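> Sending over a structure as structure tokens; questions will come in a sec.
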There are 4 protein chains.
Amino acid sequence: MRALCKTAPKAGFEFCEVPVPNLGPTDVLIRVEKAGICGSDLHIYSWDKWAQSRIKPPLVMGHEFMGRVAAVGEAVRMVSVGDRVSGEGHIADGTCFLCRTGQAHLCENLKIIGVDRDGAFAEYIALPEYNVWKLDPAIPDEFAAVFDPLGNAVHTVMAAGVSVKSVLITGVGSIGLMAIPVARAAGASAVYAVDVNPAKLELAKKLGADETFLATDPQIVEKIRARTHGDGADVLLEMSGNPQALDMGLRAVRKGGCVALLGIPSESITIDLADRVIFKGLTLLGINGRRMFETWYQTEALVRSGRVDLKPIITHVLPFEEFERGFDLMRSGEAAKIVLDLKGIS
Amino acid sequence: MRALCKTAPKAGFEFCEVPVPNLGPTDVLIRVEKAGICGSDLHIYSWDKWAQSRIKPPLVMGHEFMGRVAAVGEAVRMVSVGDRVSGEGHIADGTCFLCRTGQAHLCENLKIIGVDRDGAFAEYIALPEYNVWKLDPAIPDEFAAVFDPLGNAVHTVMAAGVSVKSVLITGVGSIGLMAIPVARAAGASAVYAVDVNPAKLELAKKLGADETFLATDPQIVEKIRARTHGDGADVLLEMSGNPQALDMGLRAVRKGGCVALLGIPSESITIDLADRVIFKGLTLLGINGRRMFETWYQTEALVRSGRVDLKPIITHVLPFEEFERGFDLMRSGEAAKIVLDLKGIS
Amino acid sequence: MRALCKTAPKAGFEFCEVPVPNLGPTDVLIRVEKAGICGSDLHIYSWDKWAQSRIKPPLVMGHEFMGRVAAVGEAVRMVSVGDRVSGEGHIADGTCFLCRTGQAHLCENLKIIGVDRDGAFAEYIALPEYNVWKLDPAIPDEFAAVFDPLGNAVHTVMAAGVSVKSVLITGVGSIGLMAIPVARAAGASAVYAVDVNPAKLELAKKLGADETFLATDPQIVEKIRARTHGDGADVLLEMSGNPQALDMGLRAVRKGGCVALLGIPSESITIDLADRVIFKGLTLLGINGRRMFETWYQTEALVRSGRVDLKPIITHVLPFEEFERGFDLMRSGEAAKIVLDLKGIS
Amino acid sequence: MRALCKTAPKAGFEFCEVPVPNLGPTDVLIRVEKAGICGSDLHIYSWDKWAQSRIKPPLVMGHEFMGRVAAVGEAVRMVSVGDRVSGEGHIADGTCFLCRTGQAHLCENLKIIGVDRDGAFAEYIALPEYNVWKLDPAIPDEFAAVFDPLGNAVHTVMAAGVSVKSVLITGVGSIGLMAIPVARAAGASAVYAVDVNPAKLELAKKLGADETFLATDPQIVEKIRARTHGDGADVLLEMSGNPQALDMGLRAVRKGGCVALLGIPSESITIDLADRVIFKGLTLLGINGRRMFETWYQTEALVRSGRVDLKPIITHVLPFEEFERGFDLMRSGEAAKIVLDLKGIS
């Protein structure tokens with residue numbers, strides 16, 4: 001079958017022919033129809049430090065996708081050939097303390113598709129049945145293809161708890177953007193967004209942000225306090241991984257507030273724990289992946305009810321062949337979310 | 001009246017005569033009988049950087065105490081002359097969002113006795129009635145005198161939640177030591193303690209720690225994992241303020257675990273947020289003061305029921321006049337908790 | 001001053017002249033401008049069993065109101081003459097365990113205005129400063145006058161937690177109706193309403209209910225399951241006090257779901273605890289009053305942000321003199337919420 | 001193999017020969033060594049109304065057990081032949097919303113061993129690997145045999161949350177008795193027990209209850225208030241299923257307190273919801289089964305650490321053949337918990 005692969009330890013991806021994945025008794029084979037490009041795909045494409053330390057070529061790329069079930073192992077019970085599905089790309093071991101107490105997203109032996117094992121930029125992908133998510137007919141294909149990053153946004157928002165709270169989002173890349181309609185639908189009484197990119201802030205407004213601020217604005221903390229009775233935002237969703245953004249956000253959040261950390265700093269950062277966290281009585285939450293499968297049920301409810309509309313975020317749907325153009329559009333900051341269409345390939 | 005004061009911006013305390021505090025309509029005047037010496041008193045005594053930036057002499061020192069009500073303002077309703085009391089030393093404004101939503105311990109306008117206003121190393125102290133805590137007859141004077149730091153320990157333990165959990169405590173100064181019987185009484189299934197001082201670790205064992213480790217031991221993380229099915233401790237109580245201890249603790253706590261931060265680092269610290277917090281799905285809680293007055297009710301219940309016994313921690317009860325000896329004993333690490341007896345003074 | 005009173009132990013209210021209330025040092029005197037009529041006022045008017053057991057005439061009626069501060073006691077700090085205010089009508093003692101641990105709404109010694117002490121259907125009402133709520137200029141008078149029942153709705157919704165959950169409301173009297181926009185604004189992904197009154201269900205739809213059901217419909221449970229993947233609603237807000245509604249609601253809520261009970265049954269009821277509650281793993285919450293003052297901050301945020309609009313619910317604003325017409329409109333079920341205008345009286 | 005069976009729809013059990021269970025690819029065959037007799041076994045033995053409606057003979061009885069793995073299906077990964085194990089007797093479908101969101105104990109399609117499918121009073125039992133619990137070597141056989149009811153106690157205690165709280169237990173049958181050391185170990189600051197049987201109350205004291213009351217004592221509520229500053233107990237664990245006990249317990253628990261309901265009333269009961277639940281602001285929790293597998297990890301931690309000792313509760317260990325004597329001892333109230341020894345059978 002045709003697949004987009006990292007074939008060697010250097011920059012770039014290339015198409016190659018690989019065998020259709022084998023199917024164990026509890027596995028599901030999925031014909032991929034649409035797949036999203038993630039920021040981490042760009043890191044792997046560029047072959048940066050993180051990618052060099054983590055990725056072992058050759059590897060089929062891609063971890064955001066939807067498609068149709070093409071075959072099922074003999075012990076599979078929940079899905080059937082022809083079902084329209086997406087999938088949780090974090091493969092947990094199912095046997096450890098974390099897996100057995102509802103925290104499979106933190107399983108010590110996690111394998112991620114398109115990172116630790118073959119991914120979804122391919123004609124077919126095989127997943128354990130446990131990881132397959134049957135799609136409601138009301139969910140459009142393009143939205144289903146990006147349930148992975150949308151699930152990151154939902155997980156972050158729901159972990160922090162935003163119901164009747166003011167919410168500050170630092171960093172509105174594609175997940176930060178998704179977090180805006182999610183936070184509004186989940187009950188945020190105000191959503192503020194900060195980014196370095198004015199175009200992203202435009203999009204943030206379109207998606208429902210009550211107000212946006214350029215990251216270079218030295219008055220953000222004061223402005224947020226002015227809009228929150230002088231207290232600061234109830235909740236900070238840190239989605240940039242940027243140390244300055246985090247420090248500003250910690251100052252802009254109110255005492256006793258909650259901070260959900262999804263953005264990954266590229267190296268260790270320096271924090272004034274005493275004044276920013278301890279004396280303020282903050283709660284900080286490290287967020288990773290999606291809860292299996294609370295997050296998926298919540299994601300479905302949000303999209304199915306029409307409370308969350310991703311149309312303004314999915315700026316491009318490109319044929320699979322044009323993946324290079326996709327990466328160019330992402331690098332330039334022109335695109336928010338790009339979905340590749342794999343239907344015609346073979 | 002006689003009081004122990006910081007009279008000038010330099011090291012040391014001295015006895016001086018100051019007027020008995022004025023009493024507003026909602027205030028309570030307390031004849032101090034016993035008062036604890038806190039680590040922060042030592043910082044103020046030594047006149048370190050933090051003290052220089054915070055303390056405005058002249059000031060009566062001391063914030064841990066018990067005594068008897070000597071007079072009450074005309075609007076006071078809960079306490080009467082003669083009542084045996086301790087007091088919450090954080091004076092909140094009572095009018096802000098935080099005060100009006102059960103988070104008075106985080107009030108933006110907090111004034112701390114012995115730090116921002118006159119304290120308890122004196123014949124008398126005046127407190128708003130709201131801050132006065134009537135003592136159960138079953139609570140010994142010495143224990144009542146240190147309800148402030150004991151309350152810090154209780155607040156930290158209860159915020160983290162230790163019921164049927166394994167608990168690692170980094171730093172067993174007096175509050176860390178108190179946290180050991182508190183955590184056991186609150187339901188911890190195992191308590192591990194780490195410190196640089198072997199004598200404190202001895203005391204930790206006596207207080208109920210299941211096991212103790214010298215901070216210099218390079219195998220602490222592995223040893224704690226070995227005692228917790230390889231997962232790590234469920235809860236970390238960070239009570240040292242030391243960056244190395246925090247980093248070790250973050251490694252020793254399990255994925256999805258909870259970290260309560262009470263120890264105050266003396267400056268900004270560097271953290272690997274990605275690997276230590278985000279990918280581990282940790283919850284970090286900044287802890288300050290005591291919840292008004294959940295913590296006080298809990299503290300009373302723990303001591304009154306006999307579940308928590310402070311006798312091994314209160315290593316010295318000294319006459320007020322011998323405060324210098326008290327500071328010497330603290331500096332040397334010889335003492336755990338020192339209580340001054342003010343009964344005879346005048 | 002002029003006031004609407006229960007003067008004797010029999011049906012009806014009448015206008016009478018009573019003295020302007022005395023003002024203690026921590027009290028606030030408020031010139032009442034608008035006041036809501038509550039269902040419980042109707043019970044007291046009709047002099048039913050509950051009213052006979054609870055009300056001791058003579059008494060000034062009314063507990064939902066807004067107005068302007070006319071005078072303040074000498075110890076009052078937060079409000080000034082001329083401030084536009086509403087007020088929490090549950091007067092707590094401020095000294096008990098519940099008051100001192102953030103649960104003043106459950107204070108054993110609660111006194112309710114217009115029930116246990118003189119109320120707001122009068123030119124002036126006096127309240128402890130603690131109970132006064134300063135109004136944001138963006139809140140219209142009519143909405144401010146009904147912050148008490150709106151607060152009941154907010155308390156119920158927030159206690160249950162509705163963020164990205166499906167919500168069933170049994171009973172859409174005025175508080176049930178208010179709960180609809182509140183639940184939507186707080187993040188409910190679907191809101192279903194049940195009542196015996198088709199006109200109220202019409203109003204429920206206008207206020208944002210996704211679907212409504214007549215209480216006589218024998219298929220409600222099945223219909224709700226059909227809209228929730230067969231599981232049942234995540235949350236039940238019981239606002240009718242009716243045993244049949246409660247039983248139906250308990251069947252319609254999903255296993256592991258949450259039930260908030262605000263409606264007051266007029267007598268003891270029979271419940272199949274085993275099948276309806278225990279085997280289903282339900283959580284039931286008794287809801288009373290409003291949290292002081294989380295609920296008030298949340299209520300303000302919801303109204304100020306425009307997320308909650310009460311216009312369709314406040315069906316009538318009547319001059320104070322026409323209170324009899326107000327009670328007639330309520331009895332007939334024609335009105336949802338009636339506000340009395342007291343501005344012109346004297 | 002030999003098994004103790006209900007062979008016909010009438011009272012009694014009898015030994016019979018049945019085939020060794022078949023083993024699916026994900027199943028585990030266990031040689032039963034010890035098995036506990038549960039109160040529900042007695043109901044089935046006596047063939048009461050509930051039993052008649054639920055049990056379809058022929059059926060192998062018994063659901064509390066421990067043993068050793070005799071064989072494993074080819075897809076089993078976590079356990080091996082020879083492993084010492086106990087097992088979760090509630091078989092969930094693994095595919096529904098509840099199973100996929102950490103609430104498998106509430107799965108709509110639950111099948112219970114010894115109730116809906118063949119049980120553990122037999123030489124062998126087969127369980128899905130998912131349900132098998134590998135035993136820590138430090139857990140004695142007798143304790144492991146009753147991890148099912150002990151897990152009920154742990155689930156109830158942990159759901160209510162007892163850390164630094166006063167706890168009232170109504171009904172000290174075997175699970176109520178187990179709840180006493182569990183609550184103490186989990187951090188309860190006081191444990192009160194109520195029962196009709198003085199011998200059980202004796203045992204309750206031995207197990208750590210601070211005080212016990214005969215159910216016929218008309219002053220229980222007042223006595224509990226007297227021991228809790230007049231407020232009432234923080235937590236009620238209802239383990240009797242008796243309506244009078246529930247009503248008394250609801251009066252004895254404090255406003256804002258928590259009530260965990262494990263005892264199953266034999267029919268619908270009448271409750272004064274208004275005064276007992278709503279105005280008191282109580283939280284009621286329906287408890288069923290054990291959380292998979294938080295409860296099992298907690299149960300293990302409690303027993304392994306020595307915090308919970310079941311010796312005083314397991315009053316009899318009888319040879320399998322003497323099961324009739326076991327039922328007699330249970331009926332007479334003489335026994336607390338009876339364990340059958342199956343080692344010698346074949």
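Chains: A, B, ... in order of the structure tokens. Residues: from 1 per chain. Ligands: from 1, in order shown.
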Using only C-alpha atoms, which chain D residues lie at most 7 Å away from chain C, written as JSON, numbers by chain?
{"D": [106, 255, 261, 262, 264, 265, 267, 268, 269, 270, 271, 272, 273, 274, 277, 278, 279, 280, 281, 282, 283, 284, 285, 286, 287, 288]}
> If you run DSSP on the backbone, which residues of stretch 285-331 of chain B are strand (DSSP E or B), as a count of residues only?
8
> Within 8 Å of B:Tyr192, counting only C-alpha atoms, which residues qualify if same-chain residues fewer than 5 places away don't, as a PyMOL selection string?
chain B and resi 166-169+209-213
> Could you save those same residues with all heavy atoms as a short mmCIF file (atom, residue, chain, number, x, y, z; two decimals), in the first residue's frame?

data_model
loop_
_atom_site.label_atom_id
_atom_site.label_comp_id
_atom_site.auth_asym_id
_atom_site.auth_seq_id
_atom_site.Cartn_x
_atom_site.Cartn_y
_atom_site.Cartn_z
N SER B 166 0.16 6.60 49.16
CA SER B 166 1.54 6.66 49.63
C SER B 166 2.03 8.09 49.48
O SER B 166 1.76 8.75 48.49
CB SER B 166 2.41 5.69 48.82
OG SER B 166 2.28 5.95 47.44
N VAL B 167 2.75 8.56 50.50
CA VAL B 167 3.09 9.98 50.60
C VAL B 167 4.59 10.15 50.80
O VAL B 167 5.17 9.53 51.69
CB VAL B 167 2.34 10.62 51.79
CG1 VAL B 167 2.75 12.08 51.97
CG2 VAL B 167 0.84 10.50 51.60
N LEU B 168 5.17 11.00 49.98
CA LEU B 168 6.58 11.35 50.14
C LEU B 168 6.67 12.79 50.63
O LEU B 168 6.05 13.68 50.05
CB LEU B 168 7.30 11.21 48.79
CG LEU B 168 8.72 11.77 48.71
CD1 LEU B 168 9.67 11.05 49.67
CD2 LEU B 168 9.24 11.69 47.28
N ILE B 169 7.43 13.01 51.72
CA ILE B 169 7.62 14.35 52.24
C ILE B 169 9.08 14.74 52.04
O ILE B 169 9.98 14.07 52.54
CB ILE B 169 7.26 14.43 53.74
CG1 ILE B 169 5.81 13.97 53.97
CG2 ILE B 169 7.46 15.85 54.28
CD1 ILE B 169 5.39 13.90 55.43
N ALA B 209 6.95 7.88 60.32
CA ALA B 209 7.36 7.67 58.93
C ALA B 209 7.68 6.18 58.74
O ALA B 209 8.36 5.58 59.57
CB ALA B 209 8.58 8.52 58.60
N ASP B 210 7.19 5.60 57.65
CA ASP B 210 7.46 4.19 57.39
C ASP B 210 8.90 3.98 57.01
O ASP B 210 9.49 2.94 57.30
CB ASP B 210 6.55 3.67 56.27
CG ASP B 210 5.11 3.64 56.70
OD1 ASP B 210 4.41 4.67 56.58
OD2 ASP B 210 4.67 2.59 57.18
N GLU B 211 9.48 4.99 56.35
CA GLU B 211 10.87 4.89 55.95
C GLU B 211 11.40 6.29 55.70
O GLU B 211 10.66 7.20 55.34
CB GLU B 211 10.99 4.05 54.68
CG GLU B 211 12.27 3.26 54.63
CD GLU B 211 12.11 2.01 53.76
OE1 GLU B 211 10.95 1.64 53.47
OE2 GLU B 211 13.13 1.47 53.36
N THR B 212 12.72 6.45 55.89
CA THR B 212 13.33 7.78 55.68
C THR B 212 14.57 7.62 54.81
O THR B 212 15.20 6.56 54.79
CB THR B 212 13.74 8.42 57.01
OG1 THR B 212 14.71 7.58 57.64
CG2 THR B 212 12.53 8.58 57.94
N PHE B 213 14.91 8.69 54.09
CA PHE B 213 16.06 8.67 53.19
C PHE B 213 16.85 9.95 53.35
O PHE B 213 16.28 11.05 53.38
CB PHE B 213 15.59 8.55 51.74
CG PHE B 213 14.70 7.38 51.49
CD1 PHE B 213 13.31 7.55 51.45
CD2 PHE B 213 15.22 6.11 51.32
CE1 PHE B 213 12.47 6.46 51.24
CE2 PHE B 213 14.38 5.02 51.10
CZ PHE B 213 13.01 5.19 51.07
#
> Need the shell around stretch 172-182 of chain A: protein/DNA/RNA residues with any atom at most 8 Å away, counting only C-alpha atoms. Skip same-chain ones fewer than 4 positions apart. Format as a list in words?
Pro149, Leu150, Asn152, Ala153, Val154, Val157, Ala186, Val191, Ala193, Val194, Asp195, Lys200, Leu201, Leu203, Ala204, Leu207, Gly208, Ala209, Met239, Ser240, Leu302, Arg307, Val308, Asp309, Leu310, Ile313, Ala336 and Lys337 of chain A
> Please, could you write that set of residues out with C-alpha atoms as an mmCIF file, in the first residue's frame?

data_model
loop_
_atom_site.group_PDB
_atom_site.id
_atom_site.type_symbol
_atom_site.label_atom_id
_atom_site.label_comp_id
_atom_site.auth_asym_id
_atom_site.auth_seq_id
_atom_site.Cartn_x
_atom_site.Cartn_y
_atom_site.Cartn_z
ATOM 1 C CA PRO A 149 -6.067 17.581 18.465
ATOM 2 C CA LEU A 150 -9.650 18.612 19.168
ATOM 3 C CA ASN A 152 -6.400 17.670 23.333
ATOM 4 C CA ALA A 153 -8.326 20.945 23.490
ATOM 5 C CA VAL A 154 -11.353 19.263 25.091
ATOM 6 C CA VAL A 157 -10.633 22.669 28.911
ATOM 7 C CA ALA A 186 -18.305 24.186 27.982
ATOM 8 C CA VAL A 191 -12.529 33.828 26.744
ATOM 9 C CA ALA A 193 -6.658 34.813 23.737
ATOM 10 C CA VAL A 194 -3.005 35.831 23.390
ATOM 11 C CA ASP A 195 -0.656 35.088 20.501
ATOM 12 C CA LYS A 200 -4.457 33.844 14.441
ATOM 13 C CA LEU A 201 -5.986 36.433 16.776
ATOM 14 C CA LEU A 203 -9.401 33.797 13.701
ATOM 15 C CA ALA A 204 -9.676 33.596 17.508
ATOM 16 C CA LEU A 207 -14.231 31.519 16.837
ATOM 17 C CA GLY A 208 -15.748 33.332 19.788
ATOM 18 C CA ALA A 209 -12.920 34.903 21.814
ATOM 19 C CA MET A 239 -0.959 26.191 24.867
ATOM 20 C CA SER A 240 2.202 27.863 23.637
ATOM 21 C CA LEU A 302 -19.710 19.113 21.476
ATOM 22 C CA ARG A 307 -21.915 23.773 20.015
ATOM 23 C CA VAL A 308 -18.447 23.489 18.451
ATOM 24 C CA ASP A 309 -17.925 24.289 14.775
ATOM 25 C CA LEU A 310 -14.449 23.670 13.354
ATOM 26 C CA ILE A 313 -10.134 26.329 11.765
ATOM 27 C CA ALA A 336 -4.610 26.940 10.874
ATOM 28 C CA LYS A 337 -5.467 23.282 10.344
#
> According to DSSP computed on the backbone, where in stretch 157-213 of chain B is there helix (DSSP H, G or I)? Give the residues as JSON, numbers by chain.
{"B": [157, 158, 159, 160, 174, 175, 176, 177, 178, 179, 180, 181, 182, 183, 184, 185, 198, 199, 200, 201, 202, 203, 204, 205, 206]}
> Output C-alpha atoms for every residue in that selection, as an mmCIF file, in the first residue's frame.

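Generated output (again_0.cif):
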data_model
loop_
_atom_site.group_PDB
_atom_site.id
_atom_site.type_symbol
_atom_site.label_atom_id
_atom_site.label_comp_id
_atom_site.auth_asym_id
_atom_site.auth_seq_id
_atom_site.Cartn_x
_atom_site.Cartn_y
_atom_site.Cartn_z
ATOM 1 C CA VAL B 157 -1.924 17.230 53.703
ATOM 2 C CA MET B 158 -5.661 17.812 53.257
ATOM 3 C CA ALA B 159 -5.250 19.772 50.012
ATOM 4 C CA ALA B 160 -3.226 16.946 48.478
ATOM 5 C CA SER B 174 9.136 21.470 61.995
ATOM 6 C CA ILE B 175 6.219 21.636 59.528
ATOM 7 C CA GLY B 176 7.470 18.624 57.577
ATOM 8 C CA LEU B 177 7.745 16.693 60.827
ATOM 9 C CA MET B 178 4.227 17.682 61.822
ATOM 10 C CA ALA B 179 3.010 16.520 58.425
ATOM 11 C CA ILE B 180 4.048 12.959 59.257
ATOM 12 C CA PRO B 181 1.556 12.199 62.060
ATOM 13 C CA VAL B 182 -1.014 14.359 60.260
ATOM 14 C CA ALA B 183 -0.661 12.347 57.042
ATOM 15 C CA ARG B 184 -0.846 9.070 58.962
ATOM 16 C CA ALA B 185 -3.918 10.184 60.887
ATOM 17 C CA PRO B 198 19.892 12.549 60.024
ATOM 18 C CA ALA B 199 18.595 13.706 63.426
ATOM 19 C CA LYS B 200 15.428 15.007 61.825
ATOM 20 C CA LEU B 201 15.028 11.681 60.027
ATOM 21 C CA GLU B 202 15.320 9.910 63.376
ATOM 22 C CA LEU B 203 12.537 12.106 64.675
ATOM 23 C CA ALA B 204 10.550 11.428 61.481
ATOM 24 C CA LYS B 205 10.672 7.700 62.206
ATOM 25 C CA LYS B 206 9.565 8.269 65.781
#
> May I have the residues within 7 Å of C:Glu14 as a tab-separated table (two decimals) with N, CA and C atoms, in the first residue's frame, using only C-alpha atoms and disregarding those fewer than 2 positions away in the same chain?

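Heads up, here's the output in part-v5.tsv:
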chain	number	residue	atom	x	y	z
C	4	LEU	N	-46.23	45.88	52.71
C	4	LEU	CA	-47.24	44.86	52.46
C	4	LEU	C	-47.03	43.75	53.49
C	5	CYS	N	-48.06	43.52	54.32
C	5	CYS	CA	-47.87	42.67	55.50
C	5	CYS	C	-48.89	41.54	55.59
C	6	LYS	N	-48.46	40.50	56.27
C	6	LYS	CA	-49.37	39.50	56.84
C	6	LYS	C	-49.65	40.00	58.25
C	12	GLY	N	-54.42	36.14	52.79
C	12	GLY	CA	-54.36	37.53	52.33
C	12	GLY	C	-53.21	38.32	52.91
C	16	CYS	N	-49.84	48.24	55.26
C	16	CYS	CA	-49.91	48.86	56.57
C	16	CYS	C	-48.73	49.81	56.76
> Using only C-alpha atoms, which protein or nucleic acid residues come within 12 Å of A:Gly94? Drop anything in the same chain fewer than 5 positions from it, and give the result as a list of chain:residue names.
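Here the answer would be A:Cys99, A:Arg100, A:Thr101, A:Gly102, A:Gln103, A:Ala104, A:His105, A:Leu106, A:Cys107, A:Glu108, A:Asn109, A:Leu110, A:Lys111, A:Pro128, A:Tyr130, A:Asn131, A:Met292, D:Val76, D:Arg77, D:Met78, D:Glu129, D:Tyr130.
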